[in-house]
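Here is the structure we will look at.
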Amino acid sequence: MRLFVSPGSPGSLPVLAAAGRARGRAELLISTVGPEECVVPFLARPKVPALQLDGGNYLFSTSAICRRQNL
């Protein structure tokens with residue numbers, strides 16, 4: 001899985017905290033991106049935080065990302 005976060009993004013702090021708690025249970029690559037950087041190819045505007053699942057799907061909800069990382 002790959003987690004995209006941006007400094008100053010309101011949802012970044014909770015998902016980073018969940019990633020810290022999940023360390024060792026799942027392989028997770030954390031990428032810090034700029035506010036205008038496109039992380040999802042099919043979206044016209046950038047949206048972070050975003051979690052790219054191993055199957056290629058994306059989660060954009062902060063609470064869904066936190067729940068997914070805690071499995």
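Chain labels follow the order of the structure tokens: the first chain is A, the next B, and so on; residue numbering restarts at 1 in every chain, and ligands are counted from 1 in their shown order.
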Near-Phe4 in chain A list (10 Å; only C-alpha atoms; drop same-chain fewer than 6 positions) as number ranges by chain:
A: 12, 15-16, 29-34, 39-40, 47-52, 60
Can I get the selected residues back with N, CA, C and O atoms, as a compact mmCIF listing (two decimals), in the first residue's frame?
```
# COMPACT_ATOMS: atom_id res chain seq x y z
N SER A 12 -3.85 14.74 7.18
CA SER A 12 -2.57 14.03 7.19
C SER A 12 -2.16 13.54 8.57
O SER A 12 -1.62 12.45 8.70
N VAL A 15 -3.91 10.16 9.73
CA VAL A 15 -3.49 8.98 8.96
C VAL A 15 -2.03 8.63 9.24
O VAL A 15 -1.67 7.45 9.24
N LEU A 16 -1.20 9.63 9.50
CA LEU A 16 0.19 9.34 9.87
C LEU A 16 0.27 8.67 11.24
O LEU A 16 1.09 7.78 11.46
N LEU A 29 4.24 2.31 2.15
CA LEU A 29 5.16 3.33 1.67
C LEU A 29 4.48 4.68 1.84
O LEU A 29 3.37 4.88 1.35
N ILE A 30 5.12 5.60 2.53
CA ILE A 30 4.55 6.92 2.77
C ILE A 30 5.25 7.92 1.86
O ILE A 30 6.48 8.04 1.88
N SER A 31 4.46 8.63 1.04
CA SER A 31 4.99 9.62 0.11
C SER A 31 4.45 11.00 0.48
O SER A 31 3.24 11.18 0.59
N THR A 32 5.35 11.96 0.66
CA THR A 32 4.95 13.34 0.90
C THR A 32 4.91 14.06 -0.44
O THR A 32 5.89 14.02 -1.18
N VAL A 33 3.78 14.67 -0.75
CA VAL A 33 3.60 15.33 -2.04
C VAL A 33 3.25 16.80 -1.83
O VAL A 33 2.78 17.19 -0.77
N GLY A 34 3.47 17.59 -2.85
CA GLY A 34 3.12 19.00 -2.80
C GLY A 34 1.63 19.21 -2.95
O GLY A 34 0.91 18.31 -3.39
N VAL A 39 -1.67 12.96 -7.55
CA VAL A 39 -1.28 11.62 -7.10
C VAL A 39 -2.19 10.54 -7.66
O VAL A 39 -1.81 9.39 -7.71
N VAL A 40 -3.38 10.92 -8.08
CA VAL A 40 -4.34 9.97 -8.64
C VAL A 40 -4.59 10.39 -10.08
O VAL A 40 -5.08 11.49 -10.33
N LYS A 47 -6.08 15.33 -4.32
CA LYS A 47 -6.82 15.08 -3.08
C LYS A 47 -5.94 14.23 -2.18
O LYS A 47 -5.59 13.11 -2.53
N VAL A 48 -5.54 14.79 -1.05
CA VAL A 48 -4.75 14.06 -0.07
C VAL A 48 -5.36 14.27 1.30
O VAL A 48 -6.00 15.30 1.53
N PRO A 49 -5.27 13.36 2.20
CA PRO A 49 -4.53 12.12 2.08
C PRO A 49 -5.26 11.13 1.17
O PRO A 49 -6.48 11.16 1.04
N ALA A 50 -4.48 10.24 0.58
CA ALA A 50 -5.00 9.18 -0.26
C ALA A 50 -4.20 7.92 0.03
O ALA A 50 -2.98 7.97 0.20
N LEU A 51 -4.89 6.81 0.10
CA LEU A 51 -4.24 5.52 0.31
C LEU A 51 -4.47 4.67 -0.93
O LEU A 51 -5.61 4.40 -1.30
N GLN A 52 -3.39 4.29 -1.61
CA GLN A 52 -3.50 3.41 -2.76
C GLN A 52 -3.34 1.99 -2.27
O GLN A 52 -2.31 1.63 -1.68
N PHE A 60 -9.97 7.80 0.02
CA PHE A 60 -9.74 9.22 0.23
C PHE A 60 -10.26 9.71 1.59
O PHE A 60 -9.88 10.77 2.04
```
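Excluding Ala22 in chain A and any residue on its chain fewer than 5 positions from it, the residues at most 12 Å away by only C-alpha atoms are A:Val15, A:Leu16, A:Ala17, A:Glu27, A:Leu28, A:Ile65, A:Cys66, A:Arg67, A:Arg68, A:Gln69, A:Asn70, A:Leu71.
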Atom pair CA of Gly8 in chain A + CA of Arg25 in chain A, distance 27.0 Å
In terms of only C-alpha atoms, the residue from A:Gly20, A:Ser9, A:Pro14, A:Leu3 at minimal distance from Glu36 in chain A is A:Ser9
| message | Please compute the CA of Glu37 in chain A-CA of Ala19 in chain A distance, one decimal, in Å. | response |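 Answer for the CA of Glu37 in chain A to CA of Ala19 in chain A separation: 21.7 Å.
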CA of Gly55 in chain A sits from CA of Leu13 in chain A at a separation of 24.7 Å
Report task. Going by DSSP on the backbone, which bits of chain A are strand (DSSP E)? Write them as an NGL selection string, please. Result -> :A and (2-5 or 29-32 or 50-52 or 58-59)
Using N, CA, C and O atoms, can you write the selected residues to a file as a PDB file, in the first residue's frame?
```pdb
ATOM      1  N   ARG A   2       0.327   2.306  -0.519  1.00  0.00           N
ATOM      2  CA  ARG A   2       1.073   3.562  -0.575  1.00  0.00           C
ATOM      3  C   ARG A   2       0.186   4.693  -0.067  1.00  0.00           C
ATOM      4  O   ARG A   2      -0.947   4.856  -0.520  1.00  0.00           O
ATOM      5  N   LEU A   3       0.699   5.436   0.878  1.00  0.00           N
ATOM      6  CA  LEU A   3      -0.026   6.535   1.498  1.00  0.00           C
ATOM      7  C   LEU A   3       0.548   7.854   1.000  1.00  0.00           C
ATOM      8  O   LEU A   3       1.759   8.080   1.079  1.00  0.00           O
ATOM      9  N   PHE A   4      -0.325   8.725   0.478  1.00  0.00           N
ATOM     10  CA  PHE A   4       0.077  10.047   0.008  1.00  0.00           C
ATOM     11  C   PHE A   4      -0.418  11.081   1.008  1.00  0.00           C
ATOM     12  O   PHE A   4      -1.607  11.123   1.313  1.00  0.00           O
ATOM     13  N   VAL A   5       0.488  11.886   1.522  1.00  0.00           N
ATOM     14  CA  VAL A   5       0.133  12.957   2.457  1.00  0.00           C
ATOM     15  C   VAL A   5       0.797  14.250   1.995  1.00  0.00           C
ATOM     16  O   VAL A   5       1.751  14.230   1.220  1.00  0.00           O
ATOM     17  N   LEU A  29       4.239   2.313   2.145  1.00  0.00           N
ATOM     18  CA  LEU A  29       5.163   3.327   1.666  1.00  0.00           C
ATOM     19  C   LEU A  29       4.483   4.679   1.835  1.00  0.00           C
ATOM     20  O   LEU A  29       3.370   4.877   1.349  1.00  0.00           O
ATOM     21  N   ILE A  30       5.124   5.601   2.531  1.00  0.00           N
ATOM     22  CA  ILE A  30       4.552   6.925   2.768  1.00  0.00           C
ATOM     23  C   ILE A  30       5.254   7.920   1.858  1.00  0.00           C
ATOM     24  O   ILE A  30       6.476   8.037   1.883  1.00  0.00           O
ATOM     25  N   SER A  31       4.462   8.629   1.044  1.00  0.00           N
ATOM     26  CA  SER A  31       4.990   9.624   0.113  1.00  0.00           C
ATOM     27  C   SER A  31       4.447  10.997   0.476  1.00  0.00           C
ATOM     28  O   SER A  31       3.237  11.178   0.593  1.00  0.00           O
ATOM     29  N   THR A  32       5.346  11.958   0.658  1.00  0.00           N
ATOM     30  CA  THR A  32       4.946  13.339   0.900  1.00  0.00           C
ATOM     31  C   THR A  32       4.912  14.057  -0.439  1.00  0.00           C
ATOM     32  O   THR A  32       5.891  14.023  -1.184  1.00  0.00           O
ATOM     33  N   ALA A  50      -4.475  10.243   0.582  1.00  0.00           N
ATOM     34  CA  ALA A  50      -5.001   9.180  -0.258  1.00  0.00           C
ATOM     35  C   ALA A  50      -4.200   7.924   0.025  1.00  0.00           C
ATOM     36  O   ALA A  50      -2.981   7.975   0.195  1.00  0.00           O
ATOM     37  N   LEU A  51      -4.891   6.806   0.097  1.00  0.00           N
ATOM     38  CA  LEU A  51      -4.236   5.520   0.305  1.00  0.00           C
ATOM     39  C   LEU A  51      -4.470   4.672  -0.932  1.00  0.00           C
ATOM     40  O   LEU A  51      -5.610   4.397  -1.297  1.00  0.00           O
ATOM     41  N   GLN A  52      -3.392   4.294  -1.608  1.00  0.00           N
ATOM     42  CA  GLN A  52      -3.496   3.412  -2.762  1.00  0.00           C
ATOM     43  C   GLN A  52      -3.338   1.986  -2.266  1.00  0.00           C
ATOM     44  O   GLN A  52      -2.306   1.627  -1.682  1.00  0.00           O
ATOM     45  N   TYR A  58      -8.198   3.316  -4.588  1.00  0.00           N
ATOM     46  CA  TYR A  58      -7.800   4.409  -3.703  1.00  0.00           C
ATOM     47  C   TYR A  58      -8.859   4.649  -2.634  1.00  0.00           C
ATOM     48  O   TYR A  58     -10.055   4.523  -2.911  1.00  0.00           O
ATOM     49  N   LEU A  59      -8.411   5.005  -1.441  1.00  0.00           N
ATOM     50  CA  LEU A  59      -9.288   5.486  -0.375  1.00  0.00           C
ATOM     51  C   LEU A  59      -8.936   6.948  -0.126  1.00  0.00           C
ATOM     52  O   LEU A  59      -7.756   7.304  -0.073  1.00  0.00           O
TER      53      LEU A  59
END
```
Please identify which residues in chain A DSSP calls alpha helix (DSSP H) from the backbone, and express them as a PyMOL selection string.
chain A and resi 12-21+62-69
Fill in: Nearest residue to Met1 in chain A from the set A:Pro46, A:Gly56, A:Gly24, A:Pro35 (distances using only C-alpha atoms)
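The shortest atom-to-atom distance to Met1 in chain A comes from A:Gly56.
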